[in-house]
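protein34.txt, holding compact mmCIF, C-alpha atoms:
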# COMPACT_ATOMS: atom_id res chain seq x y z
CA MET A 1 -33.91 27.21 13.47
CA ILE A 2 -32.28 30.62 13.89
CA ALA A 3 -33.25 32.08 17.25
CA HIS A 4 -33.28 35.69 16.05
CA PRO A 5 -34.08 35.91 12.33
CA ARG A 6 -31.49 38.34 11.05
CA ILE A 7 -28.80 38.07 8.38
CA TYR A 8 -25.78 39.94 7.09
CA LEU A 9 -25.74 41.31 3.55
CA SER A 10 -22.25 41.14 2.07
CA SER A 11 -22.88 43.85 -0.51
CA GLN A 12 -22.92 47.63 -0.69
CA SER A 13 -25.54 47.67 -3.44
CA PRO A 14 -28.49 49.94 -2.58
CA ARG A 15 -30.65 47.91 -4.98
CA ARG A 16 -30.04 44.70 -3.05
CA ARG A 17 -30.86 46.46 0.20
CA GLU A 18 -34.13 47.71 -1.28
CA LEU A 19 -35.05 44.24 -2.55
CA LEU A 20 -34.39 42.56 0.80
CA LYS A 21 -36.54 45.18 2.53
CA GLN A 22 -39.27 44.54 -0.04
CA ILE A 23 -39.71 40.95 1.20
CA GLY A 24 -39.30 41.81 4.86
CA ILE A 25 -35.80 40.50 5.49
CA ASN A 26 -34.14 41.83 8.64
CA PHE A 27 -30.49 42.42 7.75
CA GLU A 28 -27.34 44.33 8.54
CA THR A 29 -24.83 45.35 5.90
CA LEU A 30 -21.31 44.06 6.34
CA LEU A 31 -19.14 47.16 6.09
CA LEU A 32 -15.82 45.62 5.18
CA ARG A 33 -14.11 49.02 5.17
CA SER A 34 -14.50 49.30 8.92
CA SER A 35 -12.63 46.06 9.53
CA THR A 36 -9.17 46.42 11.05
CA SER A 37 -8.19 43.39 8.98
CA ARG A 38 -9.77 44.58 5.76
CA MET A 39 -9.75 41.90 3.11
CA MET A 40 -8.86 42.36 -0.51
CA ASP A 41 -11.90 42.72 -2.71
CA VAL A 42 -12.93 39.58 -4.57
CA ASP A 43 -11.34 39.51 -8.02
CA GLU A 44 -14.20 39.57 -10.52
CA THR A 45 -11.96 38.96 -13.54
CA PRO A 46 -13.18 35.90 -15.52
CA HIS A 47 -10.78 32.99 -15.62
CA ARG A 48 -9.52 31.76 -18.96
CA ASP A 49 -12.03 29.40 -20.62
CA GLU A 50 -14.51 29.97 -17.76
CA SER A 51 -18.13 29.97 -18.89
CA PRO A 52 -20.32 32.93 -17.84
CA GLU A 53 -22.42 30.61 -15.64
CA ALA A 54 -19.33 29.24 -13.89
CA HIS A 55 -17.88 32.73 -13.50
CA VAL A 56 -21.00 34.21 -11.89
CA GLN A 57 -21.32 31.34 -9.43
CA ARG A 58 -17.61 31.30 -8.56
CA VAL A 59 -17.51 35.04 -7.82
CA CYS A 60 -20.72 34.82 -5.80
CA GLN A 61 -19.29 31.97 -3.72
CA GLU A 62 -16.06 33.90 -3.12
CA LYS A 63 -18.06 36.95 -2.02
CA VAL A 64 -20.18 35.03 0.48
CA ASN A 65 -17.13 33.21 1.82
CA ALA A 66 -15.29 36.53 2.21
CA GLY A 67 -18.27 37.90 4.11
CA TRP A 68 -18.30 34.92 6.49
CA VAL A 69 -14.56 35.22 7.12
CA SER A 70 -14.99 38.95 7.76
CA LEU A 71 -17.65 38.57 10.43
CA GLN A 72 -15.59 35.87 12.16
CA SER A 73 -12.46 38.03 12.16
CA ARG A 74 -14.42 40.89 13.72
CA ASN A 75 -16.11 38.67 16.32
CA LEU A 76 -19.58 39.62 15.14
CA PRO A 77 -22.57 37.50 16.18
CA PRO A 78 -22.65 34.41 13.92
CA LEU A 79 -25.60 34.88 11.57
CA PRO A 80 -26.15 33.80 7.95
CA VAL A 81 -24.32 35.85 5.32
CA LEU A 82 -25.94 36.57 1.98
CA ALA A 83 -24.08 37.65 -1.15
CA ALA A 84 -25.01 38.01 -4.80
CA TYR A 85 -23.32 38.64 -8.12
CA THR A 86 -24.87 39.59 -11.46
CA SER A 87 -23.52 39.66 -15.00
CA VAL A 88 -24.96 40.68 -18.36
CA ILE A 89 -24.18 38.25 -21.19
CA LEU A 90 -24.32 38.97 -24.92
CA ASP A 91 -23.31 36.34 -27.50
CA GLY A 92 -21.71 34.28 -24.73
CA ARG A 93 -19.55 37.21 -23.59
CA ILE A 94 -19.70 38.97 -20.22
CA ILE A 95 -20.57 42.66 -20.55
CA GLY A 96 -19.17 44.48 -17.54
CA LYS A 97 -19.58 48.02 -16.26
CA PRO A 98 -18.55 50.70 -18.75
CA GLN A 99 -15.35 52.57 -18.04
CA ASP A 100 -16.60 55.81 -19.56
CA ARG A 101 -19.44 57.35 -21.57
CA GLU A 102 -18.06 56.15 -24.90
CA GLN A 103 -17.97 52.56 -23.70
CA ALA A 104 -21.48 52.92 -22.27
CA ALA A 105 -22.74 54.10 -25.65
CA ALA A 106 -21.00 51.22 -27.43
CA THR A 107 -22.55 48.71 -25.02
CA LEU A 108 -26.04 50.12 -25.51
CA ARG A 109 -25.61 49.98 -29.29
CA ALA A 110 -24.64 46.32 -28.99
CA LEU A 111 -27.68 45.50 -26.83
CA SER A 112 -30.08 47.59 -28.92
CA GLY A 113 -32.79 45.56 -30.65
CA ARG A 114 -31.43 42.26 -29.37
CA GLN A 115 -31.91 39.70 -26.63
CA HIS A 116 -29.28 39.25 -23.95
CA GLN A 117 -29.02 37.22 -20.76
CA VAL A 118 -28.70 38.34 -17.17
CA LEU A 119 -27.19 35.78 -14.81
CA SER A 120 -27.70 36.50 -11.12
CA ALA A 121 -26.28 34.17 -8.47
CA VAL A 122 -27.21 34.40 -4.80
CA ALA A 123 -25.55 32.49 -1.97
CA VAL A 124 -25.98 32.09 1.78
CA ALA A 125 -23.25 30.87 4.14
CA PHE A 126 -23.63 29.92 7.80
CA GLU A 127 -21.11 27.94 9.82
CA GLU A 128 -20.07 24.97 7.65
CA ARG A 129 -22.90 25.33 5.13
CA MET A 130 -23.01 27.27 1.89
CA LYS A 131 -25.84 27.07 -0.61
CA MET A 132 -26.33 28.89 -3.90
CA ARG A 133 -28.98 29.47 -6.56
CA LEU A 134 -28.59 30.84 -10.09
CA SER A 135 -31.26 32.89 -11.87
CA VAL A 136 -31.14 33.14 -15.67
CA SER A 137 -33.22 35.82 -17.39
CA ASN A 138 -33.56 36.57 -21.10
CA VAL A 139 -34.03 40.28 -21.71
CA THR A 140 -35.06 41.86 -25.01
CA MET A 141 -34.14 45.49 -25.48
CA SER A 142 -35.94 47.69 -27.99
CA THR A 143 -34.04 49.35 -30.81
CA LEU A 144 -32.44 52.53 -29.50
CA SER A 145 -31.68 55.56 -31.64
CA GLU A 146 -28.39 57.41 -31.23
CA GLU A 147 -30.31 60.34 -29.77
CA ARG A 148 -31.99 58.15 -27.16
CA ILE A 149 -28.66 56.59 -26.19
CA ARG A 150 -27.12 60.06 -25.90
CA ARG A 151 -29.91 61.33 -23.65
CA TYR A 152 -29.69 58.25 -21.45
CA ILE A 153 -25.95 58.62 -20.98
CA LEU A 154 -26.44 62.24 -19.95
CA THR A 155 -28.35 60.95 -16.89
CA SER A 156 -25.12 59.16 -15.77
CA GLU A 157 -27.29 56.16 -14.80
CA PRO A 158 -25.47 53.63 -17.02
CA LEU A 159 -21.96 54.48 -15.87
CA ASP A 160 -21.76 52.09 -12.89
CA LYS A 161 -24.13 49.37 -14.12
CA ALA A 162 -23.31 46.01 -15.67
CA GLY A 163 -24.51 46.14 -19.26
CA ALA A 164 -24.67 49.96 -19.04
CA TYR A 165 -28.32 50.09 -17.99
CA ALA A 166 -30.51 49.97 -14.89
CA ILE A 167 -33.84 48.24 -15.36
CA GLN A 168 -35.22 49.92 -12.24
CA GLY A 169 -34.36 53.35 -13.62
CA TYR A 170 -34.83 55.27 -16.86
CA ALA A 171 -33.90 52.17 -18.86
CA ALA A 172 -37.12 50.44 -17.83
CA ALA A 173 -38.58 52.15 -20.92
CA PHE A 174 -36.03 50.32 -23.12
CA ILE A 175 -37.02 46.80 -22.09
CA GLN A 176 -39.44 45.17 -24.47
CA HIS A 177 -39.67 41.75 -22.82
CA ILE A 178 -38.28 39.74 -19.91
CA ASP A 179 -38.36 35.97 -19.67
CA GLY A 180 -37.16 35.36 -16.14
CA SER A 181 -36.76 37.39 -12.96
CA TYR A 182 -37.16 41.18 -12.86
CA SER A 183 -35.49 41.30 -9.43
CA GLY A 184 -32.73 39.06 -10.77
CA VAL A 185 -32.04 41.60 -13.51
CA MET A 186 -31.87 44.25 -10.78
CA GLY A 187 -29.24 42.18 -8.98
CA LEU A 188 -30.98 39.92 -6.45
CA PRO A 189 -33.45 37.23 -7.58
CA LEU A 190 -36.01 37.28 -4.78
CA PHE A 191 -37.60 33.89 -5.42
CA GLU A 192 -34.23 32.14 -5.18
CA THR A 193 -33.22 34.32 -2.22
CA ALA A 194 -36.35 33.34 -0.30
CA GLU A 195 -35.78 29.66 -1.11
CA LEU A 196 -32.22 29.82 0.22
CA LEU A 197 -33.13 31.64 3.41
CA GLN A 198 -35.86 29.11 4.14
CA THR A 199 -33.29 26.31 3.98
CA PHE A 200 -31.39 28.14 6.72
CA GLY A 201 -34.49 28.43 8.90
CA TYR A 202 -35.33 32.04 8.11
CA PRO A 203 -39.13 32.59 8.16
CA ILE A 204 -40.40 33.97 4.84
CA LEU A 205 -43.89 35.39 4.32

Entire entry expressed as structure tokens:
Amino acid sequence: MIAHPRIYLSSQSPRRRELLKQIGINFETLLLRSSTSRMMDVDETPHRDESPEAHVQRVCQEKVNAGWVSLQSRNLPPLPVLAAYTSVILDGRIIGKPQDREQAAATLRALSGRQHQVLSAVAVAFEERMKMRLSVSNVTMSTLSEERIRRYILTSEPLDKAGAYAIQGYAAAFIQHIDGSYSGVMGLPLFETAELLQTFGYPIL
């Protein structure tokens, strides 16, 4: 059992911080920028012939491993490190973050009136152990008019989001149905996160 239940979050995502707080997890964010031996960011580029499922889990594992190496190099107290990685999948293809407003509009047109998948992997590393879970959610988006897409892009919300939408924001009104994990679509599947932390001795309500 962990003597002092606390973890490190290897992510700068405000959504993941909010979700961890929601279930009462005591955490500190690993600020890699402050490291004197700052690591290169994990390369999120899919490998050739890599399936979306394999890609999401590989990147998540690399992120949690990078977090563990970072805390060791900075002589921080050894506590479990949690990392997550989420991708939007349409027709077997990974839909990343849009580069500009035009690409955001094109992505939303592609998702409009269709079902897509959101794959969200979460991993915890501590000492010699690393465990991971994968959440798969099927999301159906309503049919969006050009005017609605234009107004949404004017909010700037889709510009830094995988799939060009944020389910916890204005785009909640676009989502017709979810078969899976709402928190997973946000970026951190809480059921799987709680399961993982319990295996590392972290008390969960």

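All residues of protein, DNA or RNA that reach within 7 Å of range 7-24 of chain A, judged by all atoms listed in the file and not counting those fewer than 6 positions away in the chain, are Leu30, Val64, Gly67, Leu79, Pro80, Val81, Leu82, Ala83, Met186, Gly187 and Leu188 of chain A.
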
Taking 5 positions as the minimum chain separation for residues in the same chain, which residues sit within 9 Å of Ala164 in chain A when counting all atoms listed in the file? Answer as a ChimeraX atom specification.
/A:95-98,103-105,107-108,153,157-159

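Take CA of Phe200 in chain A and CA of Lys131 in chain A: the distance between them is 9.3 Å.
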
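Our summary of the geometry notes that CA of Asp43 in chain A is positioned 16.7 Å from CA of Trp68 in chain A.
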
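The shortest atom-to-atom distance to Arg133 in chain A, with only C-alpha atoms taken into account, belongs to A:Leu190 out of A:Ala110, A:Val88, A:Leu190, A:Ile175.
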
Could you name the residues that touch Gly92 in chain A at 9 Å or less, counting all atoms listed in the file, but leaving out those on the same chain fewer than 5 positions away, as number ranges by chain? A: 51-52, 117

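As for CA of Ala166 in chain A and CA of Val185 in chain A, they are spaced 8.6 Å apart.
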
From the list A:Leu196, A:Pro46, A:Glu28, A:Arg150, the nearest residue to Glu102 in chain A using only C-alpha atoms is A:Arg150

Across A:Arg48, A:Val122, A:Ile25, A:Ala172, the smallest distance to Ser135 in chain A, with all atoms listed in the file counted, is shown by A:Val122

Report as lines of an AutoDock Vina configuration file the centre and the edge lengths, in Å to one decimal, of the axis-aligned box holding every listed atom of range 47-63 of chain A, padded by 8 Å on each side.
center_x = -16.0
center_y = 33.1
center_z = -11.3
size_x = 28.9
size_y = 23.7
size_z = 34.6

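Of the residues under consideration (A:Glu44, A:Glu127, A:Glu146, A:Asp49), A:Glu44 shows the shortest atom-to-atom contact distance to Lys63 in chain A when counting only C-alpha atoms.
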
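Distances from A:His47, A:Arg148, A:Arg93, A:Arg101 to Leu119 in chain A were compared using all atoms listed in the file, and the smallest one belongs to A:Arg93.
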
In terms of all atoms listed in the file, the residue from A:Met132, A:Val118, A:Leu31, A:Val42 at minimal distance from Ala162 in chain A is A:Val118

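Environment of (-19.8, 32.6, -9.8): residues at most 9 Å away, judged by all atoms listed in the file, are Glu44, Pro52, Glu53, Ala54, His55, Val56, Gln57, Arg58, Val59, Cys60, Gln61, Glu62, Tyr85, Thr86, Ser120, Ala121 and Leu134 of chain A.
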